[in-house]
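Chemist: The structure's right below; bear with me while I get my questions together.
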Amino acid sequence: MLKTHILIVEDEADIQQLVSYNLIRAGFNVTCADSGEEAIACLGREKFDCVLLDLMLPGMSGLEVCAAMRNGKADNQTPIIMLTAKGEESDIVAGLDCGADDYITKPFSPKVLIARIKSVLRRFFEDNKHKAERTEKGRIVINSLEIDLGRHEIRLEGNLLQLTMTEFEILALLAEKPGWVFTRQQIIDAVRGYEFLVTPRAIDVQVFGLRKKMGWAYGMIETVRGLGYRFKSDWIREN
Ligand code: CA
C-alpha cells in the first residue's frame with residue numbers, strides 16, 4: 001500500500017524538523033517546503049494526500065497558497081490543515097474562508113497533530129465516498145435526519161421540518177460535510193440568493209431559528225466559538 005504523502009509548508013526549521021520527524025515515525029511519507037512559492041512548485045510536481053500549511057510565511061503567505069490551491073493556478077482539492085499561532089482566530093477564519101479544511105494552533109503536540117491529520121483524511125475519504133451516492137439520489141441521510149435536496153425537504157425521524165429556504169440551505173450545507181467547520185462567510189456565500197442575508201449576525205439568527213425547529217436534535221448543529229458552525233457527525237440523542 002502506498003504511504004500517505006504529506007506536504008509540510010513551514011519556514012521555521014525547528015518546527016519543520018520536529019513535524020517531519022514525527023510524521024515519518026508515524027509512517028507517513030513527507031515532503032517539506034520552506035516557502036509558499038516552493039509549496040506551489042511541489043504541488044505542481046507531485047500528488048499529496050494532505051498539506052500542513054503554516055500561515056506566516058515570508059513572501060507568499062499561507063493564505064495565498066491556500067487561495068491558489070482552491071481557485072488559482074495550482075488548482076487542487078487536497079485537504080489543507082493550517083498551522084496557526086494561538087489566539088489568531090481571525091487568521092483561522094480567513095483560512096477557512098480561503099478553503100482550508102482544518103487548523104491546529106502552535107504549539108501543538110505531535111500526537112495531536114497526527115490525530116488531526118488522520119481525522120481530516122478520514123473525513124475527506126468519507127466525503128468522496130458518499131458524494132457520488134448523494135448526487136445520484138439527491139439525498140443526504142445521517143442517522144434520523146433525512147434531507148431531500150430535490151424536494152427541499154428535511155425529515156427528522158420521519159417528521160417533516162417546516163423550514164424556510166434559508167434554513168434548509170444552511171442545514172443541507174452543514175450536513176453535507178459533517179464534522180467540517182463552516183465560517184459565517186462561507187455560509188453567507190452558499191445561501192446567498194434566497195433571502196437578504198449579508199451579515200454574520202443574520203446567520204446566527206437563522207441558525208438560532210433552525211435549531212429551535214429541530215427541537216431535541218438542535219445539538220446536531222454545533223457552534224464553534226469564534227469560527228462558525230459545524231454539523232456534529234457523532235451526534236447522539238441523549239434520551
Ligand atoms: Ca512561520
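Following the order of the C-alpha cells, first chain is A, next is B, and so on, with residues numbered from 1 inside each chain and ligands from 1 in the order they appear.
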Could you list, as a CSV table (one decimal) with N, CA and C atoms, in the first residue's frame, every residue within 9 Å of range 187-193 of chain A, counting only C-alpha atoms and ignoring same-chain residues fewer than 5 positions away?

Modeler:
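As a result, around-v9.csv now contains:
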```csv
chain,number,residue,atom,x,y,z
A,165,MET,N,-36.5,28.6,3.2
A,165,MET,CA,-35.5,28.2,2.2
A,165,MET,C,-34.1,28.4,2.8
A,166,THR,N,-33.9,29.5,3.5
A,166,THR,CA,-32.5,29.7,4.0
A,166,THR,C,-32.1,28.7,5.1
A,169,GLU,N,-31.2,25.5,3.4
A,169,GLU,CA,-29.9,25.6,2.7
A,169,GLU,C,-28.8,25.5,3.7
A,170,ILE,N,-29.0,26.1,4.9
A,170,ILE,CA,-27.9,26.1,5.9
A,170,ILE,C,-27.7,24.7,6.4
A,173,LEU,N,-26.2,22.4,3.8
A,173,LEU,CA,-24.8,22.8,3.6
A,173,LEU,C,-23.9,22.1,4.7
A,174,LEU,N,-24.4,22.3,6.0
A,174,LEU,CA,-23.6,21.7,7.1
A,174,LEU,C,-23.6,20.2,7.1
A,182,PHE,N,-17.8,25.4,9.1
A,182,PHE,CA,-18.1,26.4,8.1
A,182,PHE,C,-18.1,27.8,8.8
A,198,VAL,N,-26.8,39.1,4.6
A,198,VAL,CA,-25.5,39.6,4.3
A,198,VAL,C,-24.5,39.7,5.5
A,199,THR,N,-25.1,39.7,6.7
A,199,THR,CA,-24.2,39.8,7.8
A,199,THR,C,-24.1,38.5,8.6
A,200,PRO,N,-22.9,38.4,9.3
A,200,PRO,CA,-22.7,37.2,10.1
A,200,PRO,C,-23.8,37.1,11.2
A,202,ALA,N,-26.9,37.8,10.9
A,202,ALA,CA,-28.1,37.2,10.3
A,202,ALA,C,-28.0,35.7,10.2
A,203,ILE,N,-26.7,35.2,10.0
A,203,ILE,CA,-26.5,33.8,10.0
A,203,ILE,C,-26.8,33.2,11.4
A,228,GLY,N,-17.5,29.6,13.6
A,228,GLY,CA,-18.7,29.4,12.8
A,228,GLY,C,-19.5,28.2,13.3
A,229,TYR,N,-19.9,27.3,12.4
A,229,TYR,CA,-20.8,26.2,12.8
A,229,TYR,C,-20.3,24.9,12.1
```

Chemist: Counting only C-alpha atoms and all ligand atoms, which protein, DNA or RNA residues come within 8 Å of ligand 1, given as an MDAnalysis selection string?

Modeler: chainID A and resid 10:12 54:58

Chemist: Given the selection you just returned, output its residues as a file containing C-alpha atoms, formatted as a PDB file, in the first residue's frame.

Modeler:
```
ATOM      1  CA  GLU A  10       6.815  25.737   7.259  1.00  0.00           C
ATOM      2  CA  ASP A  11       9.624  28.269   7.231  1.00  0.00           C
ATOM      3  CA  GLU A  12      10.813  27.687  10.788  1.00  0.00           C
ATOM      4  CA  ASP A  54       1.907  27.494   8.086  1.00  0.00           C
ATOM      5  CA  LEU A  55       0.107  30.810   7.638  1.00  0.00           C
ATOM      6  CA  MET A  56       3.026  33.091   8.500  1.00  0.00           C
ATOM      7  CA  LEU A  57       5.482  32.605   5.672  1.00  0.00           C
ATOM      8  CA  PRO A  58       7.968  35.027   4.146  1.00  0.00           C
TER       9      PRO A  58
END
```

Chemist: Taking only residues of range 93-127 of chain A that have an atom at most 9 Å from an atom of range 40-52 of chain A, what is each one's shortest atom pair and its distance in Å to one decimal, using only C-alpha atoms, in chain and number order, as CSV?

Modeler:
```
residue,atom,partner,partner_atom,distance
A:Tyr103,CA,A:Leu52,CA,8.8
A:Ile117,CA,A:Cys50,CA,7.6
A:Val120,CA,A:Cys50,CA,8.4
A:Leu121,CA,A:Cys50,CA,7.4
```

Chemist: Here is a test: counting only C-alpha atoms, which residue of A:Ala217, A:Ala33, A:Ala172, A:Cys66 is nearest to Gly150 in chain A?

Modeler: A:Ala172

Chemist: Please provide as an NGL selection string all residues within 12 Å of Val112 in chain A, with the sequence filter that same-chain residues fewer than 5 positions apart are discarded (counting only C-alpha atoms).

Modeler: :A and (19 or 22-23 or 103-107 or 117-119)

Chemist: Could the residues in this selection be written to a file with N, CA, C and O atoms, as a compact mmCIF listing (two decimals), in the first residue's frame?

Modeler:
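Output below, filename selection-v8.txt:
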```txt
# COMPACT_ATOMS: atom_id res chain seq x y z
N VAL A 19 8.12 18.31 13.09
CA VAL A 19 6.91 17.76 12.47
C VAL A 19 7.27 16.63 11.52
O VAL A 19 6.68 15.54 11.58
N ASN A 22 8.33 13.41 13.33
CA ASN A 22 7.22 12.68 13.94
C ASN A 22 6.30 12.03 12.91
O ASN A 22 5.77 10.94 13.14
N LEU A 23 6.10 12.71 11.80
CA LEU A 23 5.23 12.15 10.76
C LEU A 23 5.88 10.93 10.11
O LEU A 23 5.22 9.93 9.84
N TYR A 103 -7.52 23.32 11.18
CA TYR A 103 -6.42 24.12 11.67
C TYR A 103 -5.90 23.50 12.96
O TYR A 103 -6.61 22.75 13.63
N ILE A 104 -4.69 23.82 13.28
CA ILE A 104 -4.15 23.40 14.57
C ILE A 104 -3.29 24.56 15.06
O ILE A 104 -2.61 25.22 14.27
N THR A 105 -3.40 24.88 16.36
CA THR A 105 -2.66 26.04 16.84
C THR A 105 -1.34 25.63 17.47
O THR A 105 -1.24 24.59 18.12
N LYS A 106 -0.33 26.46 17.23
CA LYS A 106 1.00 26.22 17.79
C LYS A 106 1.04 26.75 19.22
O LYS A 106 0.42 27.78 19.48
N PRO A 107 1.75 26.18 20.13
CA PRO A 107 2.48 24.93 19.92
C PRO A 107 1.54 23.73 20.02
O PRO A 107 0.58 23.76 20.78
N ILE A 117 -4.53 14.99 11.51
CA ILE A 117 -4.31 14.61 10.11
C ILE A 117 -5.19 13.40 9.78
O ILE A 117 -5.88 13.38 8.76
N LYS A 118 -5.17 12.41 10.66
CA LYS A 118 -5.95 11.19 10.39
C LYS A 118 -7.43 11.51 10.30
O LYS A 118 -8.14 10.95 9.47
N SER A 119 -7.89 12.39 11.18
CA SER A 119 -9.30 12.73 11.19
C SER A 119 -9.69 13.46 9.89
O SER A 119 -10.74 13.20 9.31
```

Chemist: Which is closest to Ala175 in chain A among A:Lys86, A:Arg139, A:Arg122, A:Lys111, if we use only C-alpha atoms?

Modeler: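 Among the listed residues, the smallest separation from Ala175 in chain A belongs to A:Arg139.
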
Chemist: Please return, as a PyMOL selection string, all residues of range 23-171 of chain A that DSSP assigns to helix (DSSP H, G or I) on the basis of the backbone.

Modeler: chain A and resi 23-25+36-45+62-71+89-98+110-137+165-171

Chemist: Find the residues around Thr31 in chain A up to 9 Å (only C-alpha atoms counted), leave out those fewer than 6 positions away in its own chain, and share them as a PyMOL selection string.

Modeler: chain A and resi 5-9+20+42

Chemist: Would you mind listing what lies within 6 Å of Val93 in chain A as a ChimeraX atom specification, with only C-alpha atoms counted and same-chain residues fewer than 3 positions away left out?

Modeler: /A:90,96,227

Chemist: Save out the residues we just selected, C-alpha atoms, as a short mmCIF file (atom, residue, chain, number, x, y, z; two decimals), in the first residue's frame.

Modeler:
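Saved the output as selection.cif:
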```cif
data_model
loop_
_atom_site.label_atom_id
_atom_site.label_comp_id
_atom_site.auth_asym_id
_atom_site.auth_seq_id
_atom_site.Cartn_x
_atom_site.Cartn_y
_atom_site.Cartn_z
CA SER A 90 -9.20 35.98 12.54
CA LEU A 96 -11.29 28.53 6.36
CA LEU A 227 -15.23 30.46 13.92
#
```

Chemist: Looking only at the backbone, which of the residues in range 9-216 of chain A does DSSP tag as strand (DSSP E), as a ChimeraX atom specification?

Modeler: /A:9,29-33,50-54,80-85,102-106,139-142,145-148,153-156,159-160,181-183

Chemist: Between CA of Ala94 in chain A and CA of Phe28 in chain A, what distance in Å does the model show, to one decimal?

Modeler: 28.2 Å

Chemist: Could you work out how far CA of Gly179 in chain A lies from CA of Gly215 in chain A, giving the answer in Å with one decimal?

Modeler: 20.4 Å

Chemist: Could you check which of A:Met220, A:Ala100, A:Met60, A:Ile81 is closest to Ser144 in chain A, using only C-alpha atoms?

Modeler: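 Closest residue, counting only C-alpha atoms: A:Met220.
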
Chemist: Between A:Arg230, A:Met214, A:Glu126, A:Asp148, which residue has the minimum interatomic distance to Glu167 in chain A, considering only C-alpha atoms?

Modeler: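 Using only C-alpha atoms, Glu167 in chain A sits closest to A:Met214.
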
Chemist: For the atom pair CA of Thr183 in chain A and CA of Gly138 in chain A, what is the interatomic distance in Å to one decimal place?

Modeler: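 Rounded to one decimal, the two atoms are 24.5 Å apart.
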